[in-house]
Amino acid sequence: MGSSLHAGAASDDLDLGAFLYATHRLPDGVGRARLVVMGQEAAGFARYGFGPLEDWHIVEAAARRRRWYDDGTGTLAVLIASTRISTT
């Protein structure tokens with residue numbers, strides 16, 4: 001795809017920099033998750049039986065400003081758009 005962020009993306013060689021970049025944007029609990037759901041708005045999660053996200057625990061990734069949400073039973077949700085839901 002000609003990535004401008006990772007010049008070696010099309011190479012057969014392992015790009016350790018890209019791997020580390022990606023893993024730093026995942027929350028610590030992602031390895032224990034059974035399911036990760038992604039969407040652009042909180043209402044979309046609710047339509048498919050996930051949430052309300054306001055009731056889930058907020059978890060964060062070290063190098064990412066988007067918040068992740070953990071339901072406590074093995075499901076993580078992340079809003080992939082810049083919009084955040086209110087937690088107050």
# chains A, B, ... in the order shown; residues from 1 in each chain; ligands from 1
call {"tool": "residues_around", "arguments": {"residues": "range 49-56 of chain A", "least_positions_apart": "3", "cutoff": "12 Å", "atoms": "only C-alpha atoms", "output": "ChimeraX atom specification"}}
result
/A:35-39,41-46,59,67-79,84-88
call {"tool": "select_by_dssp", "arguments": {"residues": "chain A", "states": "strand (DSSP E or B)", "output": "PyMOL selection string"}}
result
chain A and resi 35-39+57-60+67-70+75-79
call {"tool": "select_by_dssp", "arguments": {"residues": "chain A", "states": "helix (DSSP H, G or I)", "output": "PDB file with N, CA, C and O atoms, in the first residue's frame"}}
result
ATOM      1  N   LEU A  16      10.813  -4.257  12.992  1.00  0.00           N
ATOM      2  CA  LEU A  16      10.682  -4.187  14.444  1.00  0.00           C
ATOM      3  C   LEU A  16      10.110  -2.840  14.889  1.00  0.00           C
ATOM      4  O   LEU A  16       9.313  -2.771  15.819  1.00  0.00           O
ATOM      5  N   GLY A  17      10.491  -1.773  14.216  1.00  0.00           N
ATOM      6  CA  GLY A  17       9.969  -0.451  14.561  1.00  0.00           C
ATOM      7  C   GLY A  17       8.459  -0.378  14.414  1.00  0.00           C
ATOM      8  O   GLY A  17       7.757   0.151  15.277  1.00  0.00           O
ATOM      9  N   ALA A  18       7.930  -0.934  13.329  1.00  0.00           N
ATOM     10  CA  ALA A  18       6.484  -0.938  13.104  1.00  0.00           C
ATOM     11  C   ALA A  18       5.783  -1.824  14.129  1.00  0.00           C
ATOM     12  O   ALA A  18       4.708  -1.484  14.630  1.00  0.00           O
ATOM     13  N   PHE A  19       6.406  -2.962  14.458  1.00  0.00           N
ATOM     14  CA  PHE A  19       5.828  -3.864  15.458  1.00  0.00           C
ATOM     15  C   PHE A  19       5.734  -3.175  16.813  1.00  0.00           C
ATOM     16  O   PHE A  19       4.691  -3.215  17.474  1.00  0.00           O
ATOM     17  N   LEU A  20       6.808  -2.527  17.240  1.00  0.00           N
ATOM     18  CA  LEU A  20       6.794  -1.824  18.524  1.00  0.00           C
ATOM     19  C   LEU A  20       5.811  -0.657  18.514  1.00  0.00           C
ATOM     20  O   LEU A  20       5.114  -0.413  19.496  1.00  0.00           O
ATOM     21  N   TYR A  21       5.744   0.052  17.407  1.00  0.00           N
ATOM     22  CA  TYR A  21       4.788   1.152  17.263  1.00  0.00           C
ATOM     23  C   TYR A  21       3.364   0.645  17.501  1.00  0.00           C
ATOM     24  O   TYR A  21       2.594   1.239  18.242  1.00  0.00           O
ATOM     25  N   ALA A  22       3.040  -0.485  16.884  1.00  0.00           N
ATOM     26  CA  ALA A  22       1.690  -1.039  17.010  1.00  0.00           C
ATOM     27  C   ALA A  22       1.414  -1.560  18.415  1.00  0.00           C
ATOM     28  O   ALA A  22       0.344  -1.317  18.978  1.00  0.00           O
ATOM     29  N   THR A  23       2.361  -2.274  19.001  1.00  0.00           N
ATOM     30  CA  THR A  23       2.104  -2.863  20.320  1.00  0.00           C
ATOM     31  C   THR A  23       1.994  -1.817  21.416  1.00  0.00           C
ATOM     32  O   THR A  23       1.271  -2.029  22.394  1.00  0.00           O
ATOM     33  N   ASP A  28      -2.619  -3.053  28.063  1.00  0.00           N
ATOM     34  CA  ASP A  28      -1.962  -4.217  28.651  1.00  0.00           C
ATOM     35  C   ASP A  28      -2.831  -5.469  28.619  1.00  0.00           C
ATOM     36  O   ASP A  28      -2.331  -6.557  28.414  1.00  0.00           O
ATOM     37  N   GLY A  29      -4.117  -5.346  28.817  1.00  0.00           N
ATOM     38  CA  GLY A  29      -4.998  -6.502  28.901  1.00  0.00           C
ATOM     39  C   GLY A  29      -5.396  -7.125  27.584  1.00  0.00           C
ATOM     40  O   GLY A  29      -6.160  -8.087  27.565  1.00  0.00           O
ATOM     41  N   VAL A  30      -4.896  -6.633  26.467  1.00  0.00           N
ATOM     42  CA  VAL A  30      -5.330  -7.152  25.172  1.00  0.00           C
ATOM     43  C   VAL A  30      -4.974  -8.632  25.007  1.00  0.00           C
ATOM     44  O   VAL A  30      -5.704  -9.372  24.355  1.00  0.00           O
ATOM     45  N   GLY A  31      -3.914  -9.085  25.626  1.00  0.00           N
ATOM     46  CA  GLY A  31      -3.529 -10.485  25.521  1.00  0.00           C
ATOM     47  C   GLY A  31      -4.488 -11.434  26.226  1.00  0.00           C
ATOM     48  O   GLY A  31      -4.575 -12.614  25.890  1.00  0.00           O
ATOM     49  N   ARG A  32      -5.235 -10.930  27.197  1.00  0.00           N
ATOM     50  CA  ARG A  32      -6.220 -11.739  27.926  1.00  0.00           C
ATOM     51  C   ARG A  32      -7.614 -11.648  27.317  1.00  0.00           C
ATOM     52  O   ARG A  32      -8.519 -12.377  27.710  1.00  0.00           O
ATOM     53  N   ALA A  42     -20.225   5.228  20.139  1.00  0.00           N
ATOM     54  CA  ALA A  42     -20.719   4.400  21.238  1.00  0.00           C
ATOM     55  C   ALA A  42     -22.079   3.789  20.926  1.00  0.00           C
ATOM     56  O   ALA A  42     -22.344   2.635  21.283  1.00  0.00           O
ATOM     57  N   ALA A  43     -22.929   4.520  20.235  1.00  0.00           N
ATOM     58  CA  ALA A  43     -24.261   4.010  19.906  1.00  0.00           C
ATOM     59  C   ALA A  43     -24.184   2.758  19.030  1.00  0.00           C
ATOM     60  O   ALA A  43     -25.019   1.863  19.143  1.00  0.00           O
ATOM     61  N   GLY A  44     -23.188   2.679  18.185  1.00  0.00           N
ATOM     62  CA  GLY A  44     -23.018   1.512  17.331  1.00  0.00           C
ATOM     63  C   GLY A  44     -22.729   0.255  18.128  1.00  0.00           C
ATOM     64  O   GLY A  44     -23.215  -0.827  17.812  1.00  0.00           O
ATOM     65  N   PHE A  45     -21.963   0.381  19.192  1.00  0.00           N
ATOM     66  CA  PHE A  45     -21.692  -0.771  20.056  1.00  0.00           C
ATOM     67  C   PHE A  45     -22.984  -1.264  20.690  1.00  0.00           C
ATOM     68  O   PHE A  45     -23.256  -2.460  20.719  1.00  0.00           O
ATOM     69  N   ALA A  46     -23.763  -0.353  21.196  1.00  0.00           N
ATOM     70  CA  ALA A  46     -25.018  -0.720  21.863  1.00  0.00           C
ATOM     71  C   ALA A  46     -25.976  -1.419  20.911  1.00  0.00           C
ATOM     72  O   ALA A  46     -26.663  -2.360  21.300  1.00  0.00           O
ATOM     73  N   ARG A  47     -26.009  -0.989  19.652  1.00  0.00           N
ATOM     74  CA  ARG A  47     -26.899  -1.629  18.673  1.00  0.00           C
ATOM     75  C   ARG A  47     -26.567  -3.105  18.472  1.00  0.00           C
ATOM     76  O   ARG A  47     -27.421  -3.900  18.115  1.00  0.00           O
ATOM     77  N   LEU A  53     -21.026   1.514  26.898  1.00  0.00           N
ATOM     78  CA  LEU A  53     -19.614   1.647  27.224  1.00  0.00           C
ATOM     79  C   LEU A  53     -19.383   2.473  28.483  1.00  0.00           C
ATOM     80  O   LEU A  53     -18.376   2.286  29.157  1.00  0.00           O
ATOM     81  N   GLU A  54     -20.305   3.334  28.816  1.00  0.00           N
ATOM     82  CA  GLU A  54     -20.172   4.147  30.028  1.00  0.00           C
ATOM     83  C   GLU A  54     -20.097   3.272  31.279  1.00  0.00           C
ATOM     84  O   GLU A  54     -19.572   3.689  32.300  1.00  0.00           O
ATOM     85  N   ASP A  55     -20.615   2.047  31.199  1.00  0.00           N
ATOM     86  CA  ASP A  55     -20.602   1.127  32.333  1.00  0.00           C
ATOM     87  C   ASP A  55     -19.359   0.237  32.357  1.00  0.00           C
ATOM     88  O   ASP A  55     -19.165  -0.525  33.293  1.00  0.00           O
TER      89      ASP A  55
END
call {"tool": "atom_distance", "arguments": {"atom1": "CA of Pro27 in chain A", "atom2": "CA of Ala63 in chain A"}}
result
9.2 Å
